[in-house]
file my_file-v8.cif (mmCIF, C-alpha atoms and all ligand atoms; chains and numbers go by the auth columns)
data_protein
loop_
_atom_site.group_PDB
_atom_site.id
_atom_site.type_symbol
_atom_site.label_atom_id
_atom_site.label_comp_id
_atom_site.label_asym_id
_atom_site.label_seq_id
_atom_site.Cartn_x
_atom_site.Cartn_y
_atom_site.Cartn_z
_atom_site.B_iso_or_equiv
_atom_site.auth_seq_id
_atom_site.auth_asym_id
ATOM 1 C CA MET A 1 63.184 59.850 110.100 0.00 19 U
ATOM 2 C CA ALA A 2 61.676 56.776 111.757 0.00 20 U
ATOM 3 C CA TYR A 3 57.970 56.151 111.337 0.00 21 U
ATOM 4 C CA THR A 4 55.114 53.709 111.989 0.00 22 U
ATOM 5 C CA VAL A 5 52.821 52.823 109.093 0.00 23 U
ATOM 6 C CA ILE A 6 49.101 52.028 109.292 0.00 24 U
ATOM 7 C CA ILE A 7 47.956 49.838 106.406 0.00 25 U
ATOM 8 C CA PRO A 8 44.194 49.759 105.843 0.00 26 U
ATOM 9 C CA ALA A 9 43.319 46.416 104.200 0.00 27 U
ATOM 10 C CA ALA A 10 39.822 45.913 105.599 0.00 28 U
ATOM 11 C CA GLY A 11 37.846 46.700 102.447 0.00 29 U
ATOM 12 C CA GLN A 12 35.721 44.355 100.351 0.00 30 U
ATOM 13 C CA GLY A 13 37.319 44.994 96.976 0.00 31 U
ATOM 14 C CA LYS A 14 33.909 45.264 95.325 0.00 32 U
ATOM 15 C CA ARG A 15 35.119 47.037 92.207 0.00 33 U
ATOM 16 C CA MET A 16 37.760 44.355 91.669 0.00 34 U
ATOM 17 C CA ASN A 17 34.960 41.804 91.460 0.00 35 U
ATOM 18 C CA ALA A 18 37.275 38.949 92.441 0.00 36 U
ATOM 19 C CA GLY A 19 34.850 37.154 94.766 0.00 37 U
ATOM 20 C CA GLU A 20 37.184 37.846 97.700 0.00 38 U
ATOM 21 C CA ASN A 21 38.980 40.792 99.264 0.00 39 U
ATOM 22 C CA LYS A 22 41.440 41.979 96.586 0.00 40 U
ATOM 23 C CA GLN A 23 44.212 42.020 99.232 0.00 41 U
ATOM 24 C CA PHE A 24 44.520 38.253 98.712 0.00 42 U
ATOM 25 C CA LEU A 25 44.786 38.444 94.902 0.00 43 U
ATOM 26 C CA LYS A 26 48.049 36.946 93.712 0.00 44 U
ATOM 27 C CA LEU A 27 50.539 38.901 91.623 0.00 45 U
ATOM 28 C CA GLN A 28 53.353 36.647 90.447 0.00 46 U
ATOM 29 C CA SER A 29 52.130 34.125 93.055 0.00 47 U
ATOM 30 C CA VAL A 30 52.424 36.512 96.008 0.00 48 U
ATOM 31 C CA PRO A 31 49.276 38.085 97.537 0.00 49 U
ATOM 32 C CA LEU A 32 48.814 41.811 96.954 0.00 50 U
ATOM 33 C CA ILE A 33 48.918 42.697 100.670 0.00 51 U
ATOM 34 C CA VAL A 34 52.248 40.863 101.043 0.00 52 U
ATOM 35 C CA HIS A 35 53.757 42.862 98.150 0.00 53 U
ATOM 36 C CA THR A 36 52.712 46.062 99.912 0.00 54 U
ATOM 37 C CA LEU A 37 54.067 45.042 103.318 0.00 55 U
ATOM 38 C CA GLN A 38 57.372 43.915 101.798 0.00 56 U
ATOM 39 C CA LEU A 39 58.043 47.536 100.775 0.00 57 U
ATOM 40 C CA PHE A 40 57.970 48.639 104.404 0.00 58 U
ATOM 41 C CA GLU A 41 59.690 45.526 105.727 0.00 59 U
ATOM 42 C CA LYS A 42 62.681 46.554 103.573 0.00 60 U
ATOM 43 C CA ASP A 43 62.592 50.262 104.480 0.00 61 U
ATOM 44 C CA GLU A 44 64.946 50.804 107.415 0.00 62 U
ATOM 45 C CA ALA A 45 63.091 53.931 108.562 0.00 63 U
ATOM 46 C CA CYS A 46 59.911 51.881 109.118 0.00 64 U
ATOM 47 C CA GLU A 47 59.746 50.803 112.755 0.00 65 U
ATOM 48 C CA ALA A 48 56.388 49.037 112.795 0.00 66 U
ATOM 49 C CA MET A 49 53.419 48.158 110.609 0.00 67 U
ATOM 50 C CA ILE A 50 49.871 48.112 111.893 0.00 68 U
ATOM 51 C CA VAL A 51 47.605 46.237 109.512 0.00 69 U
ATOM 52 C CA VAL A 52 43.858 46.797 109.621 0.00 70 U
ATOM 53 C CA ALA A 53 41.941 43.742 108.402 0.00 71 U
ATOM 54 C CA ASN A 54 38.413 42.384 108.245 0.00 72 U
ATOM 55 C CA LYS A 55 37.697 40.542 111.481 0.00 73 U
ATOM 56 C CA ASP A 56 37.247 37.172 109.775 0.00 74 U
ATOM 57 C CA GLU A 57 40.422 37.616 107.708 0.00 75 U
ATOM 58 C CA ILE A 58 42.801 38.373 110.583 0.00 76 U
ATOM 59 C CA MET A 59 43.907 34.751 111.025 0.00 77 U
ATOM 60 C CA GLU A 60 44.545 34.282 107.307 0.00 78 U
ATOM 61 C CA MET A 61 46.614 37.474 107.188 0.00 79 U
ATOM 62 C CA LYS A 62 48.545 36.488 110.288 0.00 80 U
ATOM 63 C CA GLN A 63 49.515 33.187 108.701 0.00 81 U
ATOM 64 C CA LEU A 64 50.478 34.880 105.430 0.00 82 U
ATOM 65 C CA PHE A 65 52.672 37.420 107.189 0.00 83 U
ATOM 66 C CA SER A 66 54.560 34.815 109.164 0.00 84 U
ATOM 67 C CA LYS A 67 54.964 32.645 106.052 0.00 85 U
ATOM 68 C CA HIS A 68 56.545 35.580 104.216 0.00 86 U
ATOM 69 C CA GLY A 69 58.743 36.624 107.134 0.00 87 U
ATOM 70 C CA LEU A 70 57.151 40.039 107.685 0.00 88 U
ATOM 71 C CA SER A 71 58.664 40.717 111.086 0.00 89 U
ATOM 72 C CA LYS A 72 57.613 44.362 111.462 0.00 90 U
ATOM 73 C CA VAL A 73 53.874 43.655 111.716 0.00 91 U
ATOM 74 C CA ALA A 74 53.229 44.813 115.280 0.00 92 U
ATOM 75 C CA ALA A 75 49.452 44.304 115.231 0.00 93 U
ATOM 76 C CA ILE A 76 46.576 43.208 113.017 0.00 94 U
ATOM 77 C CA VAL A 77 43.429 44.980 114.158 0.00 95 U
ATOM 78 C CA PRO A 78 39.809 44.710 112.975 0.00 96 U
ATOM 79 C CA GLY A 79 38.609 47.500 110.673 0.00 97 U
ATOM 80 C CA GLY A 80 35.342 49.352 110.257 0.00 98 U
ATOM 81 C CA ARG A 81 32.727 49.896 107.585 0.00 99 U
ATOM 82 C CA GLU A 82 34.467 52.902 106.036 0.00 100 U
ATOM 83 C CA ARG A 83 38.164 53.303 105.331 0.00 101 U
ATOM 84 C CA GLN A 84 38.240 56.233 107.752 0.00 102 U
ATOM 85 C CA GLU A 85 37.036 53.996 110.605 0.00 103 U
ATOM 86 C CA SER A 86 39.646 51.407 109.675 0.00 104 U
ATOM 87 C CA VAL A 87 42.462 53.965 109.833 0.00 105 U
ATOM 88 C CA TYR A 88 41.125 55.166 113.187 0.00 106 U
ATOM 89 C CA ALA A 89 41.238 51.606 114.536 0.00 107 U
ATOM 90 C CA GLY A 90 44.884 51.441 113.476 0.00 108 U
ATOM 91 C CA LEU A 91 45.639 54.809 115.086 0.00 109 U
ATOM 92 C CA LEU A 92 44.343 53.572 118.437 0.00 110 U
ATOM 93 C CA GLU A 93 47.112 50.956 118.415 0.00 111 U
ATOM 94 C CA ILE A 94 49.836 53.624 118.432 0.00 112 U
ATOM 95 C CA LYS A 95 51.010 54.599 121.879 0.00 113 U
ATOM 96 C CA LYS A 96 54.083 56.717 121.073 0.00 114 U
ATOM 97 C CA ALA A 97 52.736 60.271 120.775 0.00 115 U
ATOM 98 C CA GLU A 98 55.973 61.713 119.371 0.00 116 U
ATOM 99 C CA SER A 99 56.141 59.469 116.330 0.00 117 U
ATOM 100 C CA VAL A 100 55.563 60.126 112.660 0.00 118 U
ATOM 101 C CA VAL A 101 52.684 58.083 111.261 0.00 119 U
ATOM 102 C CA LEU A 102 52.179 57.074 107.643 0.00 120 U
ATOM 103 C CA VAL A 103 48.901 55.793 106.252 0.00 121 U
ATOM 104 C CA HIS A 104 49.243 53.601 103.174 0.00 122 U
ATOM 105 C CA ASP A 105 46.618 51.604 101.254 0.00 123 U
ATOM 106 C CA GLY A 106 47.104 47.844 101.330 0.00 124 U
ATOM 107 C CA ALA A 107 46.160 47.904 97.642 0.00 125 U
ATOM 108 C CA ARG A 108 49.095 50.122 96.586 0.00 126 U
ATOM 109 C CA PRO A 109 52.140 47.834 96.163 0.00 127 U
ATOM 110 C CA PHE A 110 54.435 50.036 94.065 0.00 128 U
ATOM 111 C CA VAL A 111 55.547 53.017 96.138 0.00 129 U
ATOM 112 C CA ARG A 112 59.348 53.331 96.105 0.00 130 U
ATOM 113 C CA PRO A 113 61.610 53.830 99.176 0.00 131 U
ATOM 114 C CA GLU A 114 62.929 57.153 97.819 0.00 132 U
ATOM 115 C CA GLU A 115 59.376 58.481 97.507 0.00 133 U
ATOM 116 C CA ILE A 116 58.667 57.516 101.127 0.00 134 U
ATOM 117 C CA GLN A 117 61.874 59.256 102.163 0.00 135 U
ATOM 118 C CA ARG A 118 60.970 62.479 100.358 0.00 136 U
ATOM 119 C CA LEU A 119 57.504 62.365 101.895 0.00 137 U
ATOM 120 C CA VAL A 120 58.658 61.822 105.470 0.00 138 U
ATOM 121 C CA ALA A 121 61.159 64.676 105.140 0.00 139 U
ATOM 122 C CA GLU A 122 58.232 67.084 104.677 0.00 140 U
ATOM 123 C CA VAL A 123 56.307 66.205 107.853 0.00 141 U
ATOM 124 C CA GLY A 124 56.238 68.777 110.619 0.00 142 U
ATOM 125 C CA GLU A 125 54.347 69.116 113.896 0.00 143 U
ATOM 126 C CA ALA A 126 51.580 71.150 112.309 0.00 144 U
ATOM 127 C CA GLN A 127 51.807 69.898 108.793 0.00 145 U
ATOM 128 C CA GLY A 128 51.172 66.713 106.884 0.00 146 U
ATOM 129 C CA ALA A 129 52.426 65.574 103.494 0.00 147 U
ATOM 130 C CA VAL A 130 50.972 63.489 100.686 0.00 148 U
ATOM 131 C CA LEU A 131 52.405 61.916 97.556 0.00 149 U
ATOM 132 C CA ALA A 132 50.616 63.186 94.488 0.00 150 U
ATOM 133 C CA THR A 133 50.931 63.556 90.717 0.00 151 U
ATOM 134 C CA LYS A 134 49.740 66.403 88.538 0.00 152 U
ATOM 135 C CA VAL A 135 46.641 65.368 86.603 0.00 153 U
ATOM 136 C CA THR A 136 47.035 64.922 82.871 0.00 154 U
ATOM 137 C CA ASP A 137 43.348 64.793 81.893 0.00 155 U
ATOM 138 C CA THR A 138 41.195 67.896 81.946 0.00 156 U
ATOM 139 C CA ILE A 139 38.847 67.586 84.922 0.00 157 U
ATOM 140 C CA LYS A 140 35.281 68.879 84.662 0.00 158 U
ATOM 141 C CA LYS A 141 32.543 69.015 87.252 0.00 159 U
ATOM 142 C CA GLY A 142 29.217 67.573 86.172 0.00 160 U
ATOM 143 C CA SER A 143 25.628 67.794 87.377 0.00 161 U
ATOM 144 C CA ARG A 144 23.484 64.800 88.194 0.00 162 U
ATOM 145 C CA GLU A 145 22.036 65.122 84.688 0.00 163 U
ATOM 146 C CA GLN A 146 25.579 64.733 83.338 0.00 164 U
ATOM 147 C CA MET A 147 25.896 68.303 82.131 0.00 165 U
ATOM 148 C CA VAL A 148 29.211 70.105 82.613 0.00 166 U
ATOM 149 C CA THR A 149 28.965 72.741 85.315 0.00 167 U
ATOM 150 C CA GLU A 150 32.610 73.780 85.449 0.00 168 U
ATOM 151 C CA THR A 151 36.014 73.111 83.907 0.00 169 U
ATOM 152 C CA LEU A 152 38.728 73.171 86.559 0.00 170 U
ATOM 153 C CA ALA A 153 42.126 74.793 86.006 0.00 171 U
ATOM 154 C CA ARG A 154 44.429 71.843 85.370 0.00 172 U
ATOM 155 C CA GLU A 155 47.622 73.576 86.551 0.00 173 U
ATOM 156 C CA GLU A 156 46.215 73.508 90.077 0.00 174 U
ATOM 157 C CA LEU A 157 45.031 69.892 90.144 0.00 175 U
ATOM 158 C CA TRP A 158 46.829 66.977 91.759 0.00 176 U
ATOM 159 C CA ALA A 159 45.797 63.328 92.018 0.00 177 U
ATOM 160 C CA VAL A 160 46.581 62.310 95.568 0.00 178 U
ATOM 161 C CA GLN A 161 48.029 58.914 96.480 0.00 179 U
ATOM 162 C CA THR A 162 49.240 57.231 99.644 0.00 180 U
ATOM 163 C CA PRO A 163 51.417 57.097 101.692 0.00 181 U
ATOM 164 C CA GLN A 164 50.246 60.191 103.520 0.00 182 U
ATOM 165 C CA ALA A 165 52.409 61.266 106.465 0.00 183 U
ATOM 166 C CA PHE A 166 51.596 63.176 109.644 0.00 184 U
ATOM 167 C CA SER A 167 52.780 63.668 113.164 0.00 185 U
ATOM 168 C CA TYR A 168 50.827 61.223 115.322 0.00 186 U
ATOM 169 C CA LYS A 169 49.346 64.071 117.363 0.00 187 U
ATOM 170 C CA LEU A 170 48.025 65.955 114.337 0.00 188 U
ATOM 171 C CA LEU A 171 46.457 62.896 112.714 0.00 189 U
ATOM 172 C CA LYS A 172 44.887 61.714 115.970 0.00 190 U
ATOM 173 C CA LYS A 173 43.459 65.177 116.582 0.00 191 U
ATOM 174 C CA ALA A 174 42.026 65.278 113.043 0.00 192 U
ATOM 175 C CA HIS A 175 40.429 61.820 113.322 0.00 193 U
ATOM 176 C CA ASP A 176 39.029 62.587 116.788 0.00 194 U
ATOM 177 C CA ALA A 177 37.476 65.804 115.477 0.00 195 U
ATOM 178 C CA ALA A 178 36.017 64.060 112.405 0.00 196 U
ATOM 179 C CA LYS A 179 34.494 61.344 114.583 0.00 197 U
ATOM 180 C CA LYS A 180 33.017 63.895 116.941 0.00 198 U
ATOM 181 C CA ASN A 181 31.563 66.045 114.146 0.00 199 U
ATOM 182 C CA GLY A 182 30.424 63.204 111.896 0.00 200 U
ATOM 183 C CA PHE A 183 32.735 64.425 109.133 0.00 201 U
ATOM 184 C CA THR A 184 33.786 61.927 106.462 0.00 202 U
ATOM 185 C CA GLY A 185 36.696 62.650 104.156 0.00 203 U
ATOM 186 C CA THR A 186 37.956 60.586 101.246 0.00 204 U
ATOM 187 C CA ASP A 187 41.530 60.608 102.537 0.00 205 U
ATOM 188 C CA ASP A 188 43.356 61.263 105.811 0.00 206 U
ATOM 189 C CA ALA A 189 44.818 64.572 104.663 0.00 207 U
ATOM 190 C CA GLY A 190 41.235 65.754 104.121 0.00 208 U
ATOM 191 C CA LEU A 191 40.533 65.303 107.835 0.00 209 U
ATOM 192 C CA VAL A 192 43.653 67.281 108.741 0.00 210 U
ATOM 193 C CA GLU A 193 42.673 70.050 106.285 0.00 211 U
ATOM 194 C CA HIS A 194 39.252 70.130 107.932 0.00 212 U
ATOM 195 C CA ILE A 195 40.802 71.191 111.252 0.00 213 U
ATOM 196 C CA GLY A 196 42.973 73.797 109.541 0.00 214 U
ATOM 197 C CA GLY A 197 46.134 71.705 109.160 0.00 215 U
ATOM 198 C CA ARG A 198 48.436 72.384 106.243 0.00 216 U
ATOM 199 C CA ILE A 199 49.273 69.631 103.783 0.00 217 U
ATOM 200 C CA ARG A 200 52.278 69.631 101.502 0.00 218 U
ATOM 201 C CA LEU A 201 52.021 68.059 98.054 0.00 219 U
ATOM 202 C CA VAL A 202 55.081 65.911 97.373 0.00 220 U
ATOM 203 C CA PRO A 203 55.490 64.922 93.704 0.00 221 U
ATOM 204 C CA GLY A 204 55.218 61.152 93.419 0.00 222 U
ATOM 205 C CA ASP A 205 55.268 58.633 90.594 0.00 223 U
ATOM 206 C CA GLU A 206 52.430 57.472 88.350 0.00 224 U
ATOM 207 C CA GLU A 207 53.472 53.841 88.930 0.00 225 U
ATOM 208 C CA ASN A 208 52.203 54.098 92.508 0.00 226 U
ATOM 209 C CA ILE A 209 48.750 52.892 91.453 0.00 227 U
ATOM 210 C CA LYS A 210 45.994 51.584 93.673 0.00 228 U
ATOM 211 C CA LEU A 211 44.662 48.275 92.392 0.00 229 U
ATOM 212 C CA THR A 212 40.972 49.033 92.100 0.00 230 U
ATOM 213 C CA THR A 213 39.436 47.361 89.022 0.00 231 U
ATOM 214 C CA PRO A 214 40.368 44.186 87.076 0.00 232 U
ATOM 215 C CA TYR A 215 42.089 46.432 84.505 0.00 233 U
ATOM 216 C CA ASP A 216 44.683 47.356 87.135 0.00 234 U
ATOM 217 C CA ILE A 217 45.856 43.748 87.481 0.00 235 U
ATOM 218 C CA GLY A 218 47.322 43.769 83.959 0.00 236 U
ATOM 219 C CA ILE A 219 49.090 47.052 84.690 0.00 237 U
ATOM 220 C CA ALA A 220 50.410 45.679 87.986 0.00 238 U
ATOM 221 C CA GLU A 221 51.827 42.570 86.300 0.00 239 U
ATOM 222 C CA MET A 222 53.503 44.823 83.755 0.00 240 U
ATOM 223 C CA ILE A 223 55.086 47.020 86.435 0.00 241 U
ATOM 224 C CA LEU A 224 56.354 43.922 88.288 0.00 242 U
ATOM 225 C CA GLU A 225 57.896 42.550 85.081 0.00 243 U
ATOM 226 C CA LYS A 226 59.537 45.869 84.319 0.00 244 U
ATOM 227 C CA ARG A 227 61.012 46.120 87.815 0.00 245 U
ATOM 228 C CA LYS A 228 62.334 42.567 87.591 0.00 246 U
ATOM 229 C CA GLU A 229 64.097 43.433 84.332 0.00 247 U
ATOM 230 C CA ASP A 230 65.505 46.656 85.802 0.00 248 U
ATOM 231 C CA GLN A 231 67.115 44.619 88.572 0.00 249 U
ATOM 232 C CA LEU A 232 68.833 42.234 86.156 0.00 250 U
HETATM 233 N N1 LIG B . 39.778 49.850 103.372 0.00 301 P
HETATM 234 C C1 LIG B . 39.701 49.548 104.738 0.00 301 P
HETATM 235 N N2 LIG B . 38.483 49.561 105.370 0.00 301 P
HETATM 236 C C2 LIG B . 37.361 49.870 104.696 0.00 301 P
HETATM 237 C C3 LIG B . 37.423 50.201 103.329 0.00 301 P
HETATM 238 C C4 LIG B . 38.664 50.180 102.682 0.00 301 P
HETATM 239 O O1 LIG B . 40.722 49.258 105.370 0.00 301 P
HETATM 240 N N3 LIG B . 36.193 49.860 105.347 0.00 301 P
HETATM 241 C C5 LIG B . 41.085 49.788 102.676 0.00 301 P
HETATM 242 C C6 LIG B . 41.090 48.815 101.497 0.00 301 P
HETATM 243 O O2 LIG B . 41.299 47.481 101.959 0.00 301 P
HETATM 244 C C7 LIG B . 42.188 49.359 100.619 0.00 301 P
HETATM 245 C C8 LIG B . 42.204 50.862 100.934 0.00 301 P
HETATM 246 O O3 LIG B . 41.407 51.035 102.112 0.00 301 P
HETATM 247 O O4 LIG B . 43.472 48.829 100.915 0.00 301 P
HETATM 248 C C9 LIG B . 41.681 51.693 99.773 0.00 301 P
HETATM 249 O O5 LIG B . 40.318 51.402 99.539 0.00 301 P
HETATM 250 P P1 LIG B . 39.695 50.852 98.175 0.00 301 P
HETATM 251 O O6 LIG B . 40.682 50.866 97.084 0.00 301 P
HETATM 252 O O7 LIG B . 38.385 51.523 97.983 0.00 301 P
HETATM 253 O O8 LIG B . 39.471 49.289 98.525 0.00 301 P
HETATM 254 P P2 LIG B . 38.110 48.531 98.801 0.00 301 P
HETATM 255 O O9 LIG B . 37.224 49.379 99.651 0.00 301 P
HETATM 256 O O10 LIG B . 38.470 47.174 99.283 0.00 301 P
HETATM 257 O O11 LIG B . 37.505 48.400 97.325 0.00 301 P
HETATM 258 P P3 LIG B . 36.012 48.769 96.828 0.00 301 P
HETATM 259 O O12 LIG B . 35.793 50.223 97.220 0.00 301 P
HETATM 260 O O13 LIG B . 36.059 48.549 95.360 0.00 301 P
HETATM 261 O O14 LIG B . 35.068 47.824 97.540 0.00 301 P
HETATM 262 MG MG MG B . 36.504 51.304 98.952 0.00 302 P
#
call {"tool": "encode", "arguments": {"input": "my_file-v8.cif", "output": "structure tokens", "more": "lines below"}}
Ligand code: CTP
Ligand code: MG
result
Amino acid sequence: MAYTVIIPAAGQGKRMNAGENKQFLKLQSVPLIVHTLQLFEKDEACEAMIVVANKDEIMEMKQLFSKHGLSKVAAIVPGGRERQESVYAGLLEIKKAESVVLVHDGARPFVRPEEIQRLVAEVGEAQGAVLATKVTDTIKKGSREQMVTETLAREELWAVQTPQAFSYKLLKKAHDAAKKNGFTGTDDAGLVEHIGGRIRLVPGDEENIKLTTPYDIGIAEMILEKRKEDQL
């Protein structure tokens, strides 16, 4: 099924501590954001990419995208202070109400086409879908004083990734409601859940990491190497 993808890339990358937005960090001499966009450039089902960028980085991104031949970038729009505001800015660029919309972090360059396909297949009018993996660590809740208050049942726990997929109408409705009610979620599915929408968990792959701290750069280089070898 054809879809449009919104790519939030308007963060600061503070935890990466690179002195610049981590989207510009080079992995095997190609900037992180370009790696991510290349995934969707190659996916035939992807009709358009809407990139959300920091206002003063729009020009730099524009030049990068044309240099790397990323022809599906339909717009680069300025983001907001929180990721949720950035996604909303991207949503406002979509005019086709019937379409399926994916939201995918600019900092997640390793999702595979088959995972996107499985995800999109699960999207309905009143239902969204997210890629996720079952957690392997035991997760405990802790108090501010760092005392355990609860141990959660691991069989029920999933670590949620992006892409997350929705019908345009459902996601727009969820974001509009969140904006109106001052509700902040940590992912887009959370906003849909908040208005009673149902979200399907689609098993993903642990390689679909989000580059967050300097530690992740080593892992990313390793994944890239491994994929290069697999192609030989
Ligand atoms: N993002 C965004 N707008 C924001 C905040 C985040 O578009 N106001 C994007 C980031 O650019 C990233 C994705 O959302 O691609 C996931 O966010 P995260 O990993 O937290 O990235 P940063 O916010 O840049 O990093 P940090 O929280 O360490 O500053
Ligand atoms: Mg952040």
call {"tool": "closest_residue", "arguments": {"input": "my_file-v8.cif", "among": "U:Phe128, U:Gly29, U:Ile94, U:Tyr186", "to": "Glu239 of chain U", "atoms": "all atoms listed in the file"}}
result
U:Phe128
call {"tool": "resolve_selection", "arguments": {"input": "my_file-v8.cif", "expression": "the PyMOL selection byres (((not hetatm)) within 8 of (chain P and resi 301))", "output": "ChimeraX atom specification"}}
result
/U:25-35,39-41,70-72,97-105,122-126,228-231
call {"tool": "resolve_selection", "arguments": {"input": "my_file-v8.cif", "expression": "the PyMOL selection byres (((chain U and resi 195) around 12) and not hetatm)", "output": "list in words"}}
result
Tyr106, Leu188, Leu189, Lys190, Lys191, Ala192, His193, Asp194, Ala196, Lys197, Lys198, Asn199, Gly200, Phe201, Thr202, Gly203, Gly208, Leu209, Val210, Glu211, His212, Ile213 and Gly214 of chain U
call {"tool": "closest_residue", "arguments": {"input": "my_file-v8.cif", "among": "U:Glu59, U:Glu224, U:Glu38, U:Asp205", "to": "Lys152 of chain U", "atoms": "all atoms listed in the file"}}
result
U:Glu224
call {"tool": "atom_distance", "arguments": {"input": "my_file-v8.cif", "atom1": "atom CA of Val95 of chain U", "atom2": "atom CA of Glu143 of chain U"}}
result
26.5 Å
call {"tool": "closest_residue", "arguments": {"input": "my_file-v8.cif", "among": "U:Gln249, U:Ser185, U:Thr204, U:Thr22", "to": "ligand MG 302 (chain P)", "atoms": "all atoms listed in the file"}}
result
U:Thr204
call {"tool": "residues_near_point", "arguments": {"input": "my_file-v8.cif", "point": "(56.0, 62.6, 93.6)", "cutoff": "8 Å", "atoms": "only C-alpha atoms", "output": "ChimeraX atom specification"}}
result
/U:133,149-151,220-223
call {"tool": "residues_around", "arguments": {"input": "my_file-v8.cif", "residues": "segment 89-92 of chain U", "least_positions_apart": "6", "cutoff": "9 Å", "atoms": "only C-alpha atoms", "output": "ChimeraX atom specification"}}
result
/U:55,58-59,64-69,83
call {"tool": "closest_residue", "arguments": {"input": "my_file-v8.cif", "among": "U:Val141, U:Ile237, U:Val178, U:Val118", "to": "Glu225 of chain U", "atoms": "all atoms listed in the file"}}
result
U:Ile237
call {"tool": "atom_distance", "arguments": {"input": "my_file-v8.cif", "atom1": "atom CA of Leu57 of chain U", "atom2": "atom CA of Lys244 of chain U"}}
result
16.6 Å
call {"tool": "axis_aligned_box", "arguments": {"input": "my_file-v8.cif", "around": "segment 164-173 of chain U", "padding_each_side": "8 Å", "output": "AutoDock Vina command-line options"}}
result
--center_x 36.6 --center_y 69.8 --center_z 84.3 --size_x 38.0 --size_y 26.1 --size_z 20.4
call {"tool": "atom_distance", "arguments": {"input": "my_file-v8.cif", "atom1": "atom CA of Gly37 of chain U", "atom2": "atom CA of Ile235 of chain U"}}
result
14.8 Å
call {"tool": "resolve_selection", "arguments": {"input": "my_file-v8.cif", "expression": "the PyMOL selection byres (((chain U and resi 140) around 10) and not hetatm)", "output": "PyMOL selection string"}}
result
chain U and resi 135-139+141-142+145-148+183-184+217-220
call {"tool": "residues_around", "arguments": {"input": "my_file-v8.cif", "residues": "Asp155 of chain U", "least_positions_apart": "3", "cutoff": "10 Å", "atoms": "only C-alpha atoms", "output": "list of chain:residue names"}}
result
U:Lys152, U:Lys158, U:Arg172, U:Leu175
call {"tool": "write_last_selection", "arguments": {"input": "my_file-v8.cif", "atoms": "C-alpha atoms", "output": "CSV table (one decimal), in the frame of the given file"}}
result
chain,number,residue,atom,x,y,z
U,152,LYS,CA,49.7,66.4,88.5
U,158,LYS,CA,35.3,68.9,84.7
U,172,ARG,CA,44.4,71.8,85.4
U,175,LEU,CA,45.0,69.9,90.1
call {"tool": "closest_residue", "arguments": {"input": "my_file-v8.cif", "among": "U:Asp206, U:Glu168, U:Glu116, U:Glu163", "to": "Pro181 of chain U", "atoms": "all atoms listed in the file"}}
result
U:Asp206
call {"tool": "closest_residue", "arguments": {"input": "my_file-v8.cif", "among": "U:Asp248, U:Glu62, U:Glu174, U:Glu75", "to": "Phe42 of chain U", "atoms": "all atoms listed in the file"}}
result
U:Glu75
